[in-house]
>>> print(open('model_6.cif').read())   # mmCIF, C-alpha atoms
data_protein
#
loop_
_atom_site.label_atom_id
_atom_site.label_comp_id
_atom_site.auth_asym_id
_atom_site.auth_seq_id
_atom_site.Cartn_x
_atom_site.Cartn_y
_atom_site.Cartn_z
CA MET P 1 38.32 -17.32 18.57
CA LEU P 2 35.63 -14.63 18.45
CA LYS P 3 37.23 -12.79 21.39
CA LYS P 4 40.62 -12.88 19.63
CA LEU P 5 39.06 -11.49 16.44
CA GLN P 6 37.37 -8.70 18.43
CA THR P 7 40.70 -7.81 20.06
CA ILE P 8 42.46 -7.68 16.71
CA SER P 9 39.67 -5.56 15.22
CA SER P 10 39.75 -3.17 18.19
CA THR P 11 43.52 -2.81 17.97
CA PHE P 12 43.35 -2.13 14.23
CA LEU P 13 40.60 0.47 14.74
CA ILE P 14 42.63 2.25 17.44
CA PHE P 15 45.64 2.28 15.09
CA LEU P 16 43.59 3.82 12.26
CA ILE P 17 42.15 6.48 14.55
CA SER P 18 45.59 7.40 15.92
CA VAL P 19 47.02 7.74 12.40
CA SER P 20 44.16 9.99 11.29
CA ILE P 21 44.52 12.13 14.44
CA SER P 22 48.28 12.38 13.85
CA LYS P 23 47.80 13.55 10.27
CA ALA P 24 45.44 16.23 11.60
CA ASP P 25 48.35 17.58 13.70
CA LEU P 26 50.12 18.86 10.58
CA LEU P 27 49.63 22.56 9.95
CA LYS P 28 47.74 23.62 6.86
CA PRO P 29 48.30 26.85 4.93
CA ASN P 30 46.12 29.80 5.85
CA SER P 31 46.27 33.47 4.99
CA ASP P 32 47.34 34.47 8.53
CA ILE P 33 50.69 32.65 8.28
CA LYS P 34 53.46 35.09 7.30
CA PRO P 35 56.21 34.22 4.77
CA ASP P 36 59.02 33.63 7.29
CA ARG P 37 56.71 31.48 9.41
CA VAL P 38 55.97 29.26 6.39
CA ILE P 39 59.68 28.51 6.10
CA GLU P 40 60.01 27.98 9.86
CA ILE P 41 57.11 25.49 9.78
CA GLN P 42 58.74 23.59 6.91
CA LEU P 43 62.22 23.56 8.44
CA SER P 44 60.97 22.55 11.89
CA GLY P 45 59.07 19.70 10.30
CA LEU P 46 62.16 18.50 8.46
CA GLN P 47 64.28 18.94 11.60
CA ASN P 48 61.92 16.54 13.41
CA ASN P 49 60.95 14.46 10.40
CA ASP P 50 59.54 11.40 12.19
CA LEU P 51 58.20 13.16 15.32
CA ILE P 52 54.47 12.72 14.62
CA TYR P 53 54.78 9.71 12.30
CA LYS P 54 57.27 8.49 9.68
CA ASP P 55 58.06 11.34 7.24
CA SER P 56 55.55 13.71 8.86
CA GLY P 57 58.12 16.51 8.47
CA ILE P 58 58.38 15.93 4.74
CA GLU P 59 54.58 15.90 4.51
CA GLN P 60 54.45 19.12 6.53
CA THR P 61 56.83 20.70 4.03
CA TRP P 62 54.70 19.40 1.16
CA ASN P 63 51.59 21.04 2.67
CA PHE P 64 53.20 24.47 2.17
CA ALA P 65 54.53 23.87 -1.36
CA HIS P 66 52.96 26.03 -4.04
CA PRO P 67 50.80 24.05 -6.51
CA ASN P 68 53.18 25.02 -9.35
CA ASN P 69 56.06 23.65 -7.28
CA LYS P 70 54.10 20.45 -6.61
CA LYS P 71 53.63 19.95 -10.36
CA VAL P 72 57.41 19.71 -10.72
CA THR P 73 58.33 17.92 -7.49
CA GLY P 74 55.27 15.76 -6.89
CA PRO P 75 53.33 13.67 -6.26
CA LEU P 76 54.12 13.28 -2.54
CA ASP P 77 56.00 9.96 -2.92
CA LYS P 78 58.26 11.53 -5.56
CA PHE P 79 58.77 14.56 -3.29
CA LYS P 80 59.78 12.27 -0.40
CA ARG P 81 62.35 10.54 -2.63
CA MET P 82 63.71 13.93 -3.73
CA ILE P 83 64.11 15.17 -0.13
CA LYS P 84 65.76 11.91 0.92
CA GLY P 85 68.09 12.01 -2.11
CA ASP P 86 71.63 13.37 -2.19
CA SER P 87 70.62 16.96 -2.96
CA TYR P 88 68.40 17.64 0.06
CA GLN P 89 68.87 14.78 2.57
CA MET P 90 70.89 17.08 4.86
CA MET P 91 67.60 18.83 5.73
CA ILE P 92 66.22 15.72 7.40
CA ASN P 93 66.84 15.73 11.15
CA HIS P 94 69.18 18.72 10.91
CA LEU P 95 70.48 20.26 14.15
CA SER P 96 69.62 23.94 13.63
CA HIS P 97 68.72 26.58 11.08
CA THR P 98 68.57 30.36 10.66
CA ILE P 99 66.29 32.29 8.33
CA THR P 100 67.30 35.73 7.01
CA LYS P 101 65.07 37.84 4.77
CA LEU P 102 66.84 38.88 1.55
CA GLY P 103 64.03 40.82 -0.10
CA SER P 104 60.31 40.95 -0.64
CA GLY P 105 57.48 42.48 -2.60
CA GLU P 106 53.73 42.51 -2.22
CA ASN P 107 53.37 38.88 -3.37
CA TRP P 108 56.83 37.35 -2.92
CA ALA P 109 59.60 37.04 -0.34
CA GLN P 110 63.04 35.51 -0.56
CA PHE P 111 65.12 34.25 2.34
CA GLU P 112 68.57 32.85 2.99
CA VAL P 113 68.49 29.69 5.08
CA ILE P 114 71.62 28.43 6.81
CA LEU P 115 71.21 24.90 8.06
CA LEU P 116 73.51 22.82 10.28
CA ASP P 117 73.08 19.17 9.37
CA LYS P 118 73.40 16.20 11.71
CA ASP P 119 77.05 15.77 10.60
CA LYS P 120 77.73 19.37 11.72
CA ILE P 121 78.17 20.72 8.21
CA TYR P 122 76.61 24.07 7.31
CA HIS P 123 74.58 24.48 4.10
CA LYS P 124 73.08 27.60 2.55
CA PHE P 125 69.83 27.73 0.58
CA ASN P 126 67.80 30.45 -1.09
CA TRP P 127 64.14 29.91 -0.28
CA GLN P 128 61.30 31.75 -2.00
CA VAL P 129 57.65 31.97 -1.09
CA GLU P 130 54.82 33.60 -3.00
CA LYS P 131 51.27 34.56 -2.12
CA TYR P 132 48.82 32.28 -3.91
CA GLU P 133 46.41 34.50 -5.84
CA THR P 134 43.99 32.05 -7.46
CA ASP P 135 40.55 31.63 -5.90
CA GLY P 136 40.10 28.60 -3.71
CA PRO P 137 41.19 27.33 -0.28
CA LEU P 138 44.80 28.51 -0.78
CA LYS P 139 43.88 32.08 -1.80
CA ASP P 140 46.23 34.60 -0.11
CA CYS P 141 48.35 31.86 1.50
CA TRP P 142 52.14 32.12 1.36
CA LEU P 143 53.60 28.98 -0.25
CA THR P 144 57.08 27.85 -1.23
CA THR P 145 57.84 28.26 -4.93
CA MET P 146 61.58 27.60 -4.93
CA VAL P 147 64.39 26.17 -2.83
CA SER P 148 67.85 26.37 -4.33
CA SER P 149 70.35 23.57 -4.37
CA PRO P 150 72.40 23.61 -1.17
CA ILE P 151 75.75 25.37 -1.04
CA PRO P 152 78.04 23.62 1.47
CA LEU P 153 79.68 26.12 3.81
CA GLY P 154 81.94 23.75 5.71
CA SER P 155 82.13 22.10 9.09
CA SER P 156 81.18 23.71 12.39
CA ILE P 157 84.12 21.99 14.10
#
>>> encode(input="model_6.cif", output="C-alpha coordinates")
Amino acid sequence: MLKKLQTISSTFLIFLISVSISKADLLKPNSDIKPDRVIEIQLSGLQNNDLIYKDSGIEQTWNFAHPNNKKVTGPLDKFKRMIKGDSYQMMINHLSHTITKLGSGENWAQFEVILLDKDKIYHKFNWQVEKYETDGPLKDCWLTTMVSSPIPLGSSI
(Lines of atoms letter the chains of each structure in order from A and count residues from 1; the text may use other names and numbers.)
(Lines give C-alpha, C1' and ligand atoms only; values in the text may rest on other atoms or scores of the structure.)
Protein backbone atom coordinates (compact mmCIF):
# COMPACT_ATOMS: atom_id res chain seq x y z
CA MET A 1 0.00 0.00 0.00
CA LEU A 2 2.83 2.40 0.86
CA LYS A 3 4.55 1.69 -2.47
CA LYS A 4 1.29 2.39 -4.33
CA LEU A 5 0.88 5.69 -2.46
CA GLN A 6 4.47 6.67 -3.29
CA THR A 7 3.86 5.90 -6.98
CA ILE A 8 0.69 8.00 -7.02
CA SER A 9 2.46 10.87 -5.23
CA SER A 10 5.39 10.71 -7.66
CA THR A 11 3.08 10.71 -10.67
CA PHE A 12 1.13 13.68 -9.32
CA LEU A 13 4.36 15.60 -8.62
CA ILE A 14 5.64 14.95 -12.16
CA PHE A 15 2.29 16.17 -13.54
CA LEU A 16 2.48 19.40 -11.51
CA ILE A 17 6.05 20.06 -12.59
CA SER A 18 5.21 19.48 -16.27
CA VAL A 19 2.24 21.87 -16.08
CA SER A 20 4.35 24.60 -14.47
CA ILE A 21 7.11 24.11 -17.07
CA SER A 22 4.52 24.26 -19.86
CA LYS A 23 3.09 27.53 -18.56
CA ALA A 24 6.62 28.94 -18.55
CA ASP A 25 6.78 28.26 -22.32
CA LEU A 26 4.29 31.06 -23.01
CA LEU A 27 5.90 34.30 -24.13
CA LYS A 28 5.60 37.31 -21.88
CA PRO A 29 5.52 40.94 -23.05
CA ASN A 30 8.81 42.78 -23.13
CA SER A 31 9.86 46.08 -24.64
CA ASP A 32 11.90 44.41 -27.40
CA ILE A 33 8.83 42.84 -29.04
CA LYS A 34 7.62 45.01 -31.94
CA PRO A 35 3.91 45.70 -32.62
CA ASP A 36 3.50 43.31 -35.57
CA ARG A 37 5.29 40.56 -33.63
CA VAL A 38 2.80 40.95 -30.75
CA ILE A 39 -0.03 40.16 -33.16
CA GLU A 40 1.91 37.28 -34.72
CA ILE A 41 2.50 35.78 -31.25
CA GLN A 42 -1.20 36.05 -30.43
CA LEU A 43 -2.40 34.65 -33.75
CA SER A 44 0.10 31.78 -33.73
CA GLY A 45 -1.04 30.88 -30.24
CA LEU A 46 -4.68 30.85 -31.32
CA GLN A 47 -3.80 28.89 -34.47
CA ASN A 48 -2.30 26.17 -32.25
CA ASN A 49 -4.57 26.68 -29.26
CA ASP A 50 -3.97 23.38 -27.46
CA LEU A 51 -0.34 22.80 -28.55
CA ILE A 52 1.33 23.33 -25.16
CA TYR A 53 -1.72 22.56 -23.01
CA LYS A 54 -5.49 23.08 -23.28
CA ASP A 55 -6.22 26.72 -24.23
CA SER A 56 -2.54 27.72 -24.08
CA GLY A 57 -3.10 29.79 -27.24
CA ILE A 58 -5.89 31.76 -25.62
CA GLU A 59 -3.69 32.30 -22.56
CA GLN A 60 -0.85 33.42 -24.82
CA THR A 61 -3.18 35.97 -26.38
CA TRP A 62 -4.28 37.11 -22.92
CA ASN A 63 -0.64 37.69 -21.91
CA PHE A 64 -0.37 40.41 -24.57
CA ALA A 65 -3.71 42.11 -23.87
CA HIS A 66 -3.44 45.66 -22.56
CA PRO A 67 -4.59 46.02 -18.91
CA ASN A 68 -7.42 48.34 -20.05
CA ASN A 69 -8.53 45.64 -22.50
CA LYS A 70 -8.36 43.02 -19.74
CA LYS A 71 -10.67 45.14 -17.58
CA VAL A 72 -13.36 44.79 -20.25
CA THR A 73 -12.71 41.23 -21.46
CA GLY A 74 -11.42 39.55 -18.30
CA PRO A 75 -10.78 37.79 -16.07
CA LEU A 76 -9.09 34.99 -18.04
CA ASP A 77 -12.03 32.53 -17.77
CA LYS A 78 -14.38 35.18 -19.18
CA PHE A 79 -11.86 35.92 -21.95
CA LYS A 80 -11.71 32.21 -22.84
CA ARG A 81 -15.52 32.08 -23.10
CA MET A 82 -15.49 35.19 -25.30
CA ILE A 83 -12.88 33.74 -27.69
CA LYS A 84 -14.75 30.42 -27.86
CA GLY A 85 -18.07 32.21 -28.47
CA ASP A 86 -19.68 32.90 -31.83
CA SER A 87 -17.89 36.20 -32.43
CA TYR A 88 -14.28 34.99 -32.28
CA GLN A 89 -14.29 31.16 -32.33
CA MET A 90 -13.03 31.17 -35.94
CA MET A 91 -9.64 32.28 -34.57
CA ILE A 92 -9.15 29.01 -32.71
CA ASN A 93 -7.15 26.49 -34.75
CA HIS A 94 -7.38 28.64 -37.89
CA LEU A 95 -5.42 27.54 -40.97
CA SER A 96 -3.52 30.73 -41.84
CA HIS A 97 -3.36 34.48 -41.33
CA THR A 98 -1.79 37.60 -42.83
CA ILE A 99 -0.96 40.82 -41.01
CA THR A 100 -0.85 44.15 -42.88
CA LYS A 101 0.08 47.44 -41.22
CA LEU A 102 -2.58 50.13 -41.75
CA GLY A 103 -0.99 52.96 -39.81
CA SER A 104 1.03 53.83 -36.75
CA GLY A 105 2.25 56.56 -34.46
CA GLU A 106 4.82 56.75 -31.72
CA ASN A 107 2.65 54.81 -29.25
CA TRP A 108 0.08 52.99 -31.40
CA ALA A 109 -0.14 50.77 -34.47
CA GLN A 110 -3.11 49.39 -36.33
CA PHE A 111 -3.14 46.33 -38.55
CA GLU A 112 -5.52 44.47 -40.84
CA VAL A 113 -5.60 40.75 -40.14
CA ILE A 114 -7.02 38.33 -42.69
CA LEU A 115 -7.60 34.91 -41.22
CA LEU A 116 -8.57 31.65 -42.94
CA ASP A 117 -10.57 29.55 -40.49
CA LYS A 118 -10.65 25.76 -40.31
CA ASP A 119 -13.81 25.76 -42.48
CA LYS A 120 -11.87 27.65 -45.18
CA ILE A 121 -13.74 30.91 -44.70
CA TYR A 122 -11.80 34.19 -44.71
CA HIS A 123 -12.40 36.80 -42.00
CA LYS A 124 -11.01 40.32 -41.67
CA PHE A 125 -10.18 42.06 -38.39
CA ASN A 126 -8.74 45.42 -37.41
CA TRP A 127 -6.20 44.88 -34.64
CA GLN A 128 -4.68 47.70 -32.60
CA VAL A 129 -1.74 47.67 -30.24
CA GLU A 130 -0.45 50.45 -28.02
CA LYS A 131 2.75 50.98 -26.09
CA TYR A 132 2.09 50.72 -22.36
CA GLU A 133 3.38 53.91 -20.74
CA THR A 134 2.71 53.39 -17.03
CA ASP A 135 5.65 52.44 -14.80
CA GLY A 136 5.92 48.78 -13.92
CA PRO A 137 6.84 45.48 -15.59
CA LEU A 138 4.83 46.29 -18.75
CA LYS A 139 6.39 49.73 -19.30
CA ASP A 140 7.18 50.26 -23.03
CA CYS A 141 5.62 46.92 -24.04
CA TRP A 142 3.30 46.79 -27.05
CA LEU A 143 -0.08 45.33 -26.02
CA THR A 144 -3.38 44.73 -27.79
CA THR A 145 -6.01 47.37 -27.04
CA MET A 146 -8.63 46.46 -29.63
CA VAL A 147 -9.69 43.71 -32.01
CA SER A 148 -12.70 44.46 -34.17
CA SER A 149 -15.57 42.11 -34.77
CA PRO A 150 -14.79 39.83 -37.70
CA ILE A 151 -15.97 40.70 -41.19
CA PRO A 152 -16.61 37.50 -43.18
CA LEU A 153 -14.98 37.67 -46.62
CA GLY A 154 -16.28 34.40 -48.03
CA SER A 155 -15.00 30.94 -48.80
CA SER A 156 -11.58 30.10 -50.19
CA ILE A 157 -13.11 27.37 -52.37
>>> resolve_selection(input="model_6.cif", expression="the PyMOL selection byres ((chain P and resi 101) around 9)", output="PDB file with C-alpha atoms, in the coordinates of the input")
ATOM      1  CA  ASP P  36      59.020  33.630   7.290  1.00  0.00           C
ATOM      2  CA  ILE P  99      66.290  32.290   8.330  1.00  0.00           C
ATOM      3  CA  THR P 100      67.300  35.730   7.010  1.00  0.00           C
ATOM      4  CA  LEU P 102      66.840  38.880   1.550  1.00  0.00           C
ATOM      5  CA  GLY P 103      64.030  40.820  -0.100  1.00  0.00           C
ATOM      6  CA  SER P 104      60.310  40.950  -0.640  1.00  0.00           C
ATOM      7  CA  ALA P 109      59.600  37.040  -0.340  1.00  0.00           C
ATOM      8  CA  GLN P 110      63.040  35.510  -0.560  1.00  0.00           C
ATOM      9  CA  PHE P 111      65.120  34.250   2.340  1.00  0.00           C
ATOM     10  CA  GLU P 112      68.570  32.850   2.990  1.00  0.00           C
ATOM     11  CA  VAL P 113      68.490  29.690   5.080  1.00  0.00           C
TER      12      VAL P 113
END
>>> residues_around(input="model_6.cif", residues="P:Met82", least_positions_apart="4", cutoff="12 Å", atoms="all atoms listed in the file", output="CSV table (one decimal) with C-alpha atoms, in the frame of the given file")
chain,number,residue,atom,x,y,z
P,58,ILE,CA,58.4,15.9,4.7
P,62,TRP,CA,54.7,19.4,1.2
P,70,LYS,CA,54.1,20.4,-6.6
P,72,VAL,CA,57.4,19.7,-10.7
P,73,THR,CA,58.3,17.9,-7.5
P,74,GLY,CA,55.3,15.8,-6.9
P,75,PRO,CA,53.3,13.7,-6.3
P,76,LEU,CA,54.1,13.3,-2.5
P,77,ASP,CA,56.0,10.0,-2.9
P,78,LYS,CA,58.3,11.5,-5.6
P,86,ASP,CA,71.6,13.4,-2.2
P,87,SER,CA,70.6,17.0,-3.0
P,88,TYR,CA,68.4,17.6,0.1
P,89,GLN,CA,68.9,14.8,2.6
P,90,MET,CA,70.9,17.1,4.9
P,91,MET,CA,67.6,18.8,5.7
P,92,ILE,CA,66.2,15.7,7.4
P,149,SER,CA,70.4,23.6,-4.4
>>> atom_distance(input="model_6.cif", atom1="atom CA of P:Lys131", atom2="atom CA of P:Glu59")
20.1 Å
>>> residues_around(input="model_6.cif", residues="P:His66", least_positions_apart="3", cutoff="10 Å", atoms="only C-alpha atoms", output="list in words")
Trp62, Asn63, Asn69, Lys70, Lys71, Val129, Glu130, Lys131, Tyr132, Leu138, Cys141, Trp142, Leu143, Thr144, Thr145 and Met146 of chain P
>>> closest_residue(input="model_6.cif", among="P:Asp140, P:Glu40, P:Lys34, P:Thr134", to="P:Asn68", atoms="all atoms listed in the file")
P:Thr134
>>> atom_distance(input="model_6.cif", atom1="atom CA of P:Ser31", atom2="atom CA of P:Gly57")
21.0 Å
>>> closest_residue(input="model_6.cif", among="P:Asp25, P:Asp119, P:Glu133, P:Asp32", to="P:Gly154", atoms="only C-alpha atoms")
P:Asp119
>>> atom_distance(input="model_6.cif", atom1="atom CA of P:Lys124", atom2="atom CA of P:Ile52")
26.7 Å
>>> resolve_selection(input="model_6.cif", expression="the PyMOL selection byres ((chain P and resi 117) around 10)", output="list in words")
Gln47, Gln89, Met90, Met91, Ile92, Asn93, His94, Leu95, Ser96, His97, Ile114, Leu115, Leu116, Lys118, Asp119, Lys120, Ile121, Tyr122, His123, Ser155 and Ser156 of chain P
>>> closest_residue(input="model_6.cif", among="P:Pro137, P:Pro29, P:Pro150, P:Pro35", to="P:Glu106", atoms="only C-alpha atoms")
P:Pro35
